[in-house]
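Chemist: Sharing upload-v8.csv (CSV, C-alpha atoms) below.
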```
chain,number,residue,atom,x,y,z
A,232,SER,CA,0.8,-24.0,-6.1
A,233,GLY,CA,1.0,-21.3,-8.7
A,234,GLU,CA,1.8,-20.8,-12.3
A,235,ALA,CA,2.5,-18.1,-14.9
A,236,SER,CA,0.8,-17.8,-18.3
A,237,SER,CA,1.4,-15.1,-20.8
A,238,SER,CA,-0.6,-13.5,-23.6
A,239,SER,CA,2.5,-12.6,-25.4
A,240,SER,CA,5.6,-14.6,-24.3
A,241,SER,CA,6.9,-17.1,-21.9
A,242,SER,CA,8.3,-16.0,-18.5
A,243,SER,CA,10.3,-17.4,-15.6
A,244,TYR,CA,8.0,-15.8,-13.0
A,245,ARG,CA,6.6,-18.5,-10.7
A,246,CYS,CA,5.2,-19.1,-7.3
A,247,VAL,CA,8.1,-20.2,-5.0
A,248,TRP,CA,6.2,-20.4,-1.7
A,249,SER,CA,2.6,-20.5,-0.3
A,250,SER,CA,1.3,-20.4,3.3
A,251,GLU,CA,-0.5,-23.6,4.2
A,252,GLY,CA,-1.6,-25.4,7.3
A,253,GLU,CA,-1.1,-23.4,10.5
A,254,ASP,CA,0.4,-20.6,8.5
A,255,ARG,CA,-2.8,-20.1,6.6
A,256,SER,CA,-5.1,-17.4,8.0
A,257,LYS,CA,-8.7,-18.2,9.0
A,258,GLY,CA,-9.9,-15.0,7.4
A,259,ILE,CA,-9.0,-12.7,4.5
A,260,VAL,CA,-5.3,-11.6,4.4
A,261,CYS,CA,-6.2,-8.0,3.7
A,262,SER,CA,-2.7,-6.4,3.7
A,263,VAL,CA,1.0,-7.2,3.2
A,264,SER,CA,4.1,-5.0,3.4
A,265,ALA,CA,7.8,-5.6,3.4
A,266,SER,CA,10.4,-4.2,5.8
A,267,VAL,CA,12.9,-1.6,4.5
A,268,ASP,CA,15.9,-4.0,5.1
A,269,GLY,CA,14.2,-6.9,3.4
A,270,ARG,CA,14.3,-9.2,6.4
A,271,TYR,CA,10.6,-9.3,7.1
A,272,VAL,CA,7.2,-9.3,5.6
A,273,PHE,CA,4.2,-8.2,7.7
A,274,THR,CA,0.6,-9.3,7.1
A,275,GLY,CA,-2.8,-8.2,8.6
A,276,ALA,CA,-6.0,-10.2,8.3
A,277,SER,CA,-9.7,-10.0,9.0
A,278,ASP,CA,-9.3,-12.5,11.9
A,279,LYS,CA,-7.5,-9.6,13.7
A,280,THR,CA,-4.1,-11.3,13.4
A,281,LEU,CA,-0.8,-9.6,12.6
A,282,ARG,CA,2.0,-11.8,11.5
A,283,VAL,CA,5.7,-11.3,11.0
A,284,TRP,CA,7.4,-13.4,8.3
A,285,GLN,CA,11.1,-13.9,7.9
A,286,VAL,CA,12.4,-13.7,4.3
A,287,LEU,CA,14.7,-16.6,3.7
A,288,PRO,CA,17.5,-16.9,1.0
A,289,ALA,CA,16.6,-18.4,-2.4
A,290,THR,CA,18.6,-21.5,-1.5
A,291,CYS,CA,16.0,-22.4,1.2
A,292,ALA,CA,13.1,-24.7,0.3
A,293,SER,CA,10.7,-22.3,2.1
A,294,ARG,CA,11.1,-18.6,1.2
A,295,LEU,CA,9.0,-17.2,4.1
A,296,ARG,CA,8.8,-18.4,7.7
A,297,CYS,CA,6.4,-17.1,10.4
A,298,LEU,CA,8.4,-15.8,13.3
A,299,GLN,CA,5.6,-14.0,15.3
A,300,THR,CA,1.8,-14.1,15.4
A,301,ILE,CA,0.0,-11.4,17.3
A,302,ARG,CA,-3.6,-12.4,17.8
A,303,ASP,CA,-6.2,-9.8,18.5
A,304,ALA,CA,-3.7,-7.1,17.4
A,305,HIS,CA,-6.9,-5.0,16.8
A,306,GLN,CA,-10.5,-5.3,17.9
A,307,ASP,CA,-11.6,-5.8,14.3
A,308,TRP,CA,-10.2,-6.5,10.8
A,309,ILE,CA,-6.7,-5.3,10.1
A,310,ARG,CA,-7.3,-3.5,6.8
A,311,CYS,CA,-3.9,-2.0,6.0
A,312,VAL,CA,-0.2,-2.4,7.0
A,313,ALA,CA,2.6,0.1,6.3
A,314,VAL,CA,6.2,0.2,7.2
A,315,SER,CA,8.0,3.5,8.0
A,316,PRO,CA,10.7,4.5,5.5
A,317,GLY,CA,13.2,4.7,8.3
A,318,GLY,CA,12.5,1.1,9.1
A,319,GLY,CA,11.7,1.7,12.8
A,320,HIS,CA,8.0,1.1,12.9
A,321,VAL,CA,5.1,-0.8,11.4
A,322,PHE,CA,1.6,0.8,11.3
A,323,THR,CA,-1.7,-1.1,11.1
A,324,GLY,CA,-5.1,0.4,10.3
A,325,SER,CA,-8.3,-1.4,11.3
A,326,ARG,CA,-12.1,-1.5,11.0
A,327,ASP,CA,-12.0,-0.7,14.7
A,328,GLU,CA,-11.3,2.9,13.6
A,329,THR,CA,-7.8,3.0,15.2
A,330,ILE,CA,-4.2,2.9,14.0
A,331,ARG,CA,-1.7,1.0,16.0
A,332,VAL,CA,2.0,1.8,16.0
A,333,TRP,CA,4.4,-1.2,16.4
A,334,ARG,CA,8.1,-0.8,17.2
A,335,ILE,CA,10.4,-3.1,15.3
A,336,ASN,CA,12.8,-4.6,17.8
A,337,PRO,CA,16.3,-5.0,16.1
A,338,GLY,CA,17.1,-7.8,18.6
A,339,GLY,CA,13.9,-9.7,18.1
A,340,GLY,CA,13.7,-13.1,16.3
A,341,GLY,CA,16.8,-14.9,15.2
A,342,GLY,CA,16.3,-17.6,17.8
A,343,THR,CA,15.8,-15.2,20.7
A,344,ALA,CA,12.7,-15.0,22.9
A,345,GLU,CA,12.4,-11.3,22.1
A,346,PRO,CA,9.4,-10.4,19.9
A,347,ILE,CA,10.1,-8.6,16.7
A,348,LEU,CA,7.1,-6.3,17.0
A,349,GLU,CA,6.0,-4.5,20.2
A,350,LEU,CA,3.0,-2.2,20.6
A,351,ALA,CA,4.2,1.3,20.9
A,352,GLY,CA,1.1,3.4,20.5
A,353,ILE,CA,-2.5,3.8,19.4
A,354,LEU,CA,-3.8,6.7,17.2
A,355,LYS,CA,-7.5,7.6,17.7
A,356,GLY,CA,-9.7,10.0,15.9
A,357,HIS,CA,-11.3,8.3,12.9
A,358,ASN,CA,-15.0,7.6,13.0
A,359,ASP,CA,-15.0,4.7,10.5
A,360,TRP,CA,-12.6,2.0,9.4
A,361,VAL,CA,-9.1,3.0,8.4
A,362,ARG,CA,-8.7,2.0,4.7
A,363,SER,CA,-5.2,3.1,3.9
A,364,LEU,CA,-1.9,4.3,5.4
A,365,VAL,CA,0.8,6.2,3.6
A,366,THR,CA,4.3,6.9,5.1
A,367,VAL,CA,6.6,9.6,3.6
A,368,ASP,CA,9.4,10.7,5.9
A,369,ALA,CA,12.6,8.7,6.4
A,370,ASP,CA,12.8,10.0,10.0
A,371,ASP,CA,9.5,8.3,10.8
A,372,SER,CA,7.8,11.6,11.7
A,373,ILE,CA,4.7,11.7,9.5
A,374,LEU,CA,1.9,9.3,8.8
A,375,PHE,CA,-1.2,9.8,6.6
A,376,SER,CA,-4.4,7.8,7.0
A,377,VAL,CA,-7.4,7.4,4.8
A,378,SER,CA,-10.8,6.5,6.4
A,379,ASP,CA,-14.3,5.8,5.3
A,380,ASP,CA,-15.3,8.7,7.5
A,381,CYS,CA,-14.4,10.9,4.5
A,382,THR,CA,-11.2,12.3,6.0
A,383,ILE,CA,-7.5,12.1,5.5
A,384,ARG,CA,-5.5,12.7,8.7
A,385,GLU,CA,-1.9,13.6,9.1
A,386,TRP,CA,-0.3,12.2,12.3
A,387,ASP,CA,2.7,13.5,14.2
A,388,LEU,CA,4.9,10.5,15.1
A,389,THR,CA,7.6,12.3,17.0
A,390,PRO,CA,6.3,11.1,20.4
A,391,PHE,CA,7.4,7.6,19.3
A,392,SER,CA,10.9,8.7,18.6
A,393,LYS,CA,11.7,11.8,20.5
A,394,GLY,CA,9.1,12.0,23.2
A,395,SER,CA,8.1,15.5,22.2
A,396,LYS,CA,5.2,17.4,20.7
A,397,ARG,CA,5.3,19.0,17.3
A,398,GLU,CA,3.5,22.1,16.2
A,399,ASP,CA,2.5,22.8,12.6
A,400,ASP,CA,2.1,26.1,10.8
A,401,ASP,CA,-1.5,26.5,12.0
A,402,GLY,CA,-0.6,25.9,15.6
A,403,VAL,CA,-2.3,22.6,15.9
A,404,VAL,CA,-0.5,20.3,18.3
A,405,SER,CA,-1.1,16.6,18.4
A,406,SER,CA,-2.1,15.4,21.9
A,407,SER,CA,-0.5,12.3,23.3
A,408,ALA,CA,-0.2,10.6,26.7
A,409,GLN,CA,1.7,7.5,27.9
A,410,GLY,CA,-0.2,4.7,29.6
A,411,SER,CA,1.0,2.6,32.5
A,412,ASP,CA,2.0,-0.1,30.1
A,413,GLY,CA,4.3,2.3,28.1
A,414,VAL,CA,1.9,2.5,25.2
A,415,ILE,CA,1.5,6.1,23.9
A,416,LEU,CA,-2.1,7.1,23.2
A,417,VAL,CA,-2.6,9.9,20.6
A,418,ASP,CA,-6.1,11.2,20.3
A,419,ARG,CA,-5.6,14.2,18.0
A,420,CYS,CA,-4.0,14.4,14.6
A,421,MET,CA,-1.9,17.3,13.3
A,422,ILE,CA,-4.0,18.0,10.2
A,423,LYS,CA,-7.4,16.7,9.1
A,424,ARG,CA,-8.8,17.1,5.6
A,425,THR,CA,-12.5,16.5,5.3
A,426,SER,CA,-14.4,15.9,2.0
A,427,PRO,CA,-18.2,15.7,1.2
A,428,LYS,CA,-17.2,12.9,-1.1
A,429,GLY,CA,-15.9,9.5,-0.1
A,430,ILE,CA,-12.1,9.0,-0.2
A,431,LYS,CA,-10.8,5.6,-1.2
A,432,SER,CA,-7.1,6.1,-2.1
A,433,LEU,CA,-4.1,8.3,-1.5
A,434,ALA,CA,-0.6,8.9,-3.0
A,435,ILE,CA,2.0,11.5,-2.1
A,436,CYS,CA,4.6,12.8,-4.6
A,437,PRO,CA,8.2,12.0,-3.6
A,438,HIS,CA,9.1,15.6,-2.7
A,439,ARG,CA,6.0,16.0,-0.6
A,440,GLU,CA,4.7,19.0,-2.6
A,441,PHE,CA,1.4,17.5,-3.7
A,442,ILE,CA,-1.1,14.9,-2.5
A,443,TYR,CA,-3.2,12.8,-4.9
A,444,ILE,CA,-6.7,11.8,-3.6
A,445,GLY,CA,-9.0,9.2,-5.2
A,446,PHE,CA,-12.7,10.1,-4.6
A,447,THR,CA,-15.9,8.1,-5.0
A,448,ASP,CA,-16.9,10.3,-8.0
A,449,TYR,CA,-14.3,8.3,-10.0
A,450,THR,CA,-11.8,11.2,-10.1
A,451,VAL,CA,-8.3,11.8,-8.7
A,452,ARG,CA,-7.5,15.3,-7.6
A,453,CYS,CA,-4.0,16.7,-7.1
A,454,MET,CA,-3.8,19.2,-4.2
A,455,ASP,CA,-1.1,21.2,-2.4
A,456,ILE,CA,0.0,19.1,0.5
A,457,ASN,CA,-0.2,22.1,2.8
A,458,GLY,CA,-3.5,23.5,1.4
A,459,SER,CA,-6.8,22.6,-0.2
A,460,ASP,CA,-6.4,24.1,-3.7
A,461,VAL,CA,-7.0,21.6,-6.4
A,462,ARG,CA,-4.1,21.8,-8.9
A,463,LYS,CA,-5.3,19.1,-11.4
A,464,ALA,CA,-8.1,16.7,-11.9
A,465,PHE,CA,-7.5,13.3,-13.4
A,466,LYS,CA,-10.7,12.0,-15.2
A,467,GLY,CA,-11.2,8.9,-17.2
A,468,HIS,CA,-12.0,6.0,-14.9
A,469,THR,CA,-15.6,4.8,-14.9
A,470,GLY,CA,-15.3,3.4,-11.4
A,471,ILE,CA,-13.8,4.3,-8.0
A,472,VAL,CA,-10.0,4.6,-7.9
A,473,THR,CA,-9.1,2.0,-5.4
A,474,SER,CA,-5.3,2.2,-5.5
A,475,MET,CA,-2.6,4.5,-6.6
A,476,GLN,CA,1.2,4.7,-7.0
A,477,ILE,CA,3.5,7.5,-8.1
A,478,SER,CA,6.6,6.2,-10.0
A,479,THR,CA,9.8,8.2,-10.5
A,480,THR,CA,10.9,7.2,-13.9
A,481,VAL,CA,14.3,5.6,-14.6
A,482,ASP,CA,15.4,7.8,-17.5
A,483,SER,CA,14.2,11.1,-16.0
A,484,PRO,CA,14.3,11.0,-12.2
A,485,GLY,CA,12.6,14.4,-11.8
A,486,HIS,CA,9.6,13.2,-13.9
A,487,HIS,CA,6.7,11.4,-12.2
A,488,LEU,CA,4.1,9.1,-13.5
A,489,LEU,CA,0.8,8.4,-11.7
A,490,PHE,CA,-0.7,4.9,-11.9
A,491,THR,CA,-4.3,4.3,-10.8
A,492,GLY,CA,-6.3,1.1,-10.3
A,493,SER,CA,-10.1,1.1,-10.3
A,494,ASP,CA,-13.2,-1.0,-9.8
A,495,ASP,CA,-13.8,-0.4,-13.5
A,496,HIS,CA,-11.3,-3.3,-13.9
A,497,THR,CA,-8.6,-1.2,-15.5
A,498,VAL,CA,-5.3,0.5,-14.5
A,499,ARG,CA,-4.4,3.9,-16.0
A,500,GLN,CA,-1.1,5.6,-16.4
A,501,TRP,CA,-1.1,9.4,-16.3
A,502,CYS,CA,1.3,12.2,-17.0
A,503,THR,CA,1.3,14.2,-13.7
A,504,GLY,CA,2.3,17.4,-15.4
A,505,SER,CA,-0.7,17.5,-17.8
A,506,ALA,CA,-3.2,15.1,-16.1
A,507,VAL,CA,-3.5,13.4,-19.4
A,508,CYS,CA,-4.0,9.6,-19.5
A,509,LEU,CA,-1.2,7.9,-21.5
A,510,LYS,CA,-2.2,4.3,-21.2
A,511,VAL,CA,-5.1,2.1,-20.1
A,512,PHE,CA,-4.2,-1.5,-19.0
A,513,SER,CA,-7.2,-3.7,-19.6
A,514,GLY,CA,-7.7,-7.4,-19.0
A,515,HIS,CA,-8.8,-8.0,-15.5
A,516,SER,CA,-12.4,-9.3,-15.1
A,517,GLY,CA,-12.8,-8.0,-11.5
A,518,TRP,CA,-12.0,-4.7,-9.8
A,519,ILE,CA,-8.4,-3.8,-9.1
A,520,ARG,CA,-7.4,-4.0,-5.5
A,521,ASP,CA,-3.8,-3.0,-5.6
A,522,ILE,CA,-1.0,-2.0,-8.0
A,523,LYS,CA,2.8,-1.8,-7.6
A,524,VAL,CA,5.4,-0.4,-10.0
A,525,TRP,CA,8.9,-1.8,-10.1
A,526,SER,CA,11.5,-0.9,-12.7
A,527,ARG,CA,9.9,-1.5,-16.1
A,528,LYS,CA,7.0,-3.6,-14.7
A,529,LEU,CA,3.5,-2.9,-13.4
A,530,PHE,CA,1.8,-5.4,-11.2
A,531,SER,CA,-1.9,-5.4,-10.6
A,532,CYS,CA,-4.1,-7.7,-8.5
A,533,SER,CA,-7.8,-8.1,-8.6
A,534,GLU,CA,-11.1,-9.6,-7.5
A,535,ASP,CA,-10.7,-12.1,-10.3
A,536,ASN,CA,-8.1,-14.0,-8.2
A,537,LYS,CA,-5.2,-13.1,-10.6
A,538,ILE,CA,-2.1,-11.0,-10.7
A,539,PHE,CA,-1.1,-9.4,-14.0
A,540,VAL,CA,2.4,-8.3,-14.9
A,541,TRP,CA,2.6,-5.5,-17.5
A,542,SER,CA,5.7,-4.3,-19.3
A,543,LEU,CA,6.3,-0.5,-19.3
A,544,ALA,CA,8.0,0.9,-22.3
A,545,PRO,CA,11.1,3.2,-21.7
A,546,ALA,CA,9.7,5.8,-24.2
A,547,ASP,CA,6.9,6.5,-21.7
A,548,ASP,CA,9.3,7.9,-19.2
A,549,HIS,CA,10.3,11.0,-21.1
A,550,ARG,CA,7.5,11.7,-23.6
A,551,SER,CA,7.8,15.3,-24.6
A,552,ALA,CA,4.1,15.7,-25.3
A,553,PRO,CA,1.1,13.5,-24.5
A,554,PRO,CA,-0.3,11.3,-27.2
A,555,PRO,CA,-3.4,12.4,-29.1
A,556,HIS,CA,-5.3,9.3,-27.8
A,557,GLU,CA,-4.7,7.1,-24.8
A,558,GLN,CA,-3.2,3.8,-25.7
A,559,TRP,CA,-4.9,0.6,-24.6
A,560,VAL,CA,-2.7,-2.2,-23.5
A,561,THR,CA,-3.9,-5.8,-23.3
A,562,SER,CA,-0.7,-7.9,-23.5
A,563,HIS,CA,0.3,-9.1,-20.0
A,564,LEU,CA,1.7,-12.0,-18.0
A,565,THR,CA,-0.8,-13.8,-15.6
A,566,LEU,CA,0.2,-15.2,-12.2
A,567,GLU,CA,-2.4,-17.7,-11.1
A,568,GLY,CA,-2.7,-19.8,-7.9
A,569,HIS,CA,-4.9,-17.9,-5.5
A,570,THR,CA,-8.5,-19.3,-5.2
A,571,ALA,CA,-10.1,-16.0,-4.1
A,572,ALA,CA,-9.6,-12.3,-4.6
A,573,VAL,CA,-6.0,-11.0,-4.3
A,574,TRP,CA,-6.1,-8.1,-2.0
A,575,GLN,CA,-2.6,-6.6,-1.9
A,576,LEU,CA,0.9,-6.8,-3.2
A,577,ALA,CA,4.4,-6.1,-1.8
A,578,ILE,CA,7.8,-6.2,-3.4
A,579,THR,CA,10.9,-7.0,-1.3
A,580,PRO,CA,13.6,-4.3,-1.5
A,581,ASP,CA,16.0,-6.6,-3.4
A,582,CYS,CA,13.3,-6.9,-6.0
A,583,ARG,CA,13.5,-10.6,-6.0
A,584,LEU,CA,10.1,-11.5,-4.5
A,585,LEU,CA,6.5,-10.3,-5.1
A,586,VAL,CA,4.3,-11.2,-2.1
A,587,SER,CA,0.5,-11.4,-2.5
A,588,SER,CA,-2.2,-11.6,0.1
A,589,SER,CA,-5.6,-13.0,-0.6
A,590,ALA,CA,-9.2,-13.7,0.6
A,591,ASP,CA,-8.3,-17.4,0.4
A,592,GLY,CA,-6.3,-17.0,3.6
A,593,ARG,CA,-3.0,-17.5,2.0
A,594,ILE,CA,0.0,-15.4,1.2
A,595,LYS,CA,2.2,-16.4,-1.8
A,596,ALA,CA,5.7,-15.4,-2.8
A,597,TRP,CA,6.5,-15.1,-6.5
A,598,GLY,CA,10.0,-15.1,-7.9
A,599,ILE,CA,10.4,-12.0,-10.1
A,600,GLY,CA,14.1,-11.2,-10.0
A,601,PRO,CA,17.4,-12.8,-10.9
```
Show me this structure written as structure tokens.

Modeler:
Amino acid sequence: SGEASSSSSSSSYRCVWSSEGEDRSKGIVCSVSASVDGRYVFTGASDKTLRVWQVLPATCASRLRCLQTIRDAHQDWIRCVAVSPGGGHVFTGSRDETIRVWRINPGGGGGTAEPILELAGILKGHNDWVRSLVTVDADDSILFSVSDDCTIREWDLTPFSKGSKREDDDGVVSSSAQGSDGVILVDRCMIKRTSPKGIKSLAICPHREFIYIGFTDYTVRCMDINGSDVRKAFKGHTGIVTSMQISTTVDSPGHHLLFTGSDDHTVRQWCTGSAVCLKVFSGHSGWIRDIKVWSRKLFSCSEDNKIFVWSLAPADDHRSAPPPHEQWVTSHLTLEGHTAAVWQLAITPDCRLLVSSSADGRIKAWGIGP
């Protein structure tokens, strides 16, 4: 079950499906991600289970159907799931300190015995659990990982597509070997960034010029993607920045906005050019676990078991100068139905469904589009 309530106006947003019974996880559903073609949703849980869900048409009574369950997909919690922009692979990061690469089988599912996901490789090198994964290249060649070992690692994925090695500007070559079962083992990353501070979140600008890193000192720093020089520091949160997203604005495609969610219970909207905070979205009573931006909407989920939907004003997209004071926003729509913390959100490519994962063991699908 699930319902929407609003602090400002009514809305047609509603829960259209919830996992129950055998489809309900025995642990925390830590992560959720949608495939590029919109056919599947992938979830990872603390019970080490990776699931593949088929997205069904709106005319069906059930909007998601579990097609594949991979038990013991890792040796510990599956903390994060990401899908390659090219649509060929799914990546999972775990508390077992590894990243697993899963090949999406185009002929899988659909009534066939072929699995949709097949293990293609294992990336090793982190010394603590892998917190976040970020993909950027449409040719599926680069993967960034964030770990509690205070490092960000950049992985060369060409062995999974071309069977070759790749050398970067510093002459560092990722090392890989293929096991007898065909699984490629990679034990060395291309680039490793180490910090004396803890790293909790990561975002990469669309043109891969800059990298935005959320540290445990409550700041976000913008750095050159191929260097260590700090270009800008974003300061204002009173807690750790737990999630980030960069949005290319509708009215000005070359202009970027940075959204950050924090354990101070707020989401902030920043001008990337000036590092000035434009807005503070306030209302959650628990720390923010994930945020997503879609069109004129900002979605946030929290330890308070709720999902908030915030409206973004068009004027924010092309503001010629930052305001003298940050604007506090409290008006929002509330999506309720989870009975424990909501860990992550995913939006299907057709922008019709918002999928949420929770510590209550459920995933829910919310109708958000026409």

Chemist: Neighbours of Asp254 in chain A within 9 Å (all atoms listed in the file; same-chain residues fewer than 6 positions away dropped), as a PyMOL selection string?

Modeler: chain A and resi 296-297+593-594

Chemist: Generate the output file for the selected residues, C-alpha atoms, as a PDB file, in the coordinates of the input.

Modeler:
```pdb
ATOM      1  CA  ARG A 296       8.800 -18.400   7.700  1.00  0.00           C
ATOM      2  CA  CYS A 297       6.400 -17.100  10.400  1.00  0.00           C
ATOM      3  CA  ARG A 593      -3.000 -17.500   2.000  1.00  0.00           C
ATOM      4  CA  ILE A 594       0.000 -15.400   1.200  1.00  0.00           C
TER       5      ILE A 594
END
```

Chemist: Go through A:Phe539, A:Phe490, A:Trp386, A:Phe273 one by one, measure the shortest atom-to-atom distance of each to Ile373 in chain A using all atoms listed in the file, and give the residue with the smallest value.

Modeler: A:Trp386

Chemist: Excluding Ile347 in chain A and residues on its chain fewer than 6 positions from it, collect all residues at most 8 Å away from it, counting all atoms listed in the file, and give them as an MDAnalysis selection string.

Modeler: chainID A and resid 283 299 335:340

Chemist: For the selection you just gave me, I'd like the residues written to a file as an mmCIF file, keeping the file's coordinate frame, keeping C-alpha atoms.

Modeler:
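What landed in selection20.cif:
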```
data_model
loop_
_atom_site.group_PDB
_atom_site.id
_atom_site.type_symbol
_atom_site.label_atom_id
_atom_site.label_comp_id
_atom_site.auth_asym_id
_atom_site.auth_seq_id
_atom_site.Cartn_x
_atom_site.Cartn_y
_atom_site.Cartn_z
ATOM 1 C CA VAL A 283 5.700 -11.300 11.000
ATOM 2 C CA GLN A 299 5.600 -14.000 15.300
ATOM 3 C CA ILE A 335 10.400 -3.100 15.300
ATOM 4 C CA ASN A 336 12.800 -4.600 17.800
ATOM 5 C CA PRO A 337 16.300 -5.000 16.100
ATOM 6 C CA GLY A 338 17.100 -7.800 18.600
ATOM 7 C CA GLY A 339 13.900 -9.700 18.100
ATOM 8 C CA GLY A 340 13.700 -13.100 16.300
#
```

Chemist: Mind checking which residues fall within 12 Å of Ala289 in chain A, counting all atoms listed in the file, ignoring those fewer than 3 positions away in the same chain, and posting them as a list in words?

Modeler: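 After dropping sequence-adjacent residues, the list is Val247, Trp248, Val286, Ala292, Ser293, Arg294, Leu295, Asp581, Arg583, Leu584, Ala596, Trp597, Gly598, Ile599, Gly600 and Pro601 of chain A.
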
Chemist: Grab the CA of His496 in chain A to CA of Gly517 in chain A distance for me, in Å with one decimal place.

Modeler: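 Separation of CA of His496 in chain A and CA of Gly517 in chain A: 5.5 Å.
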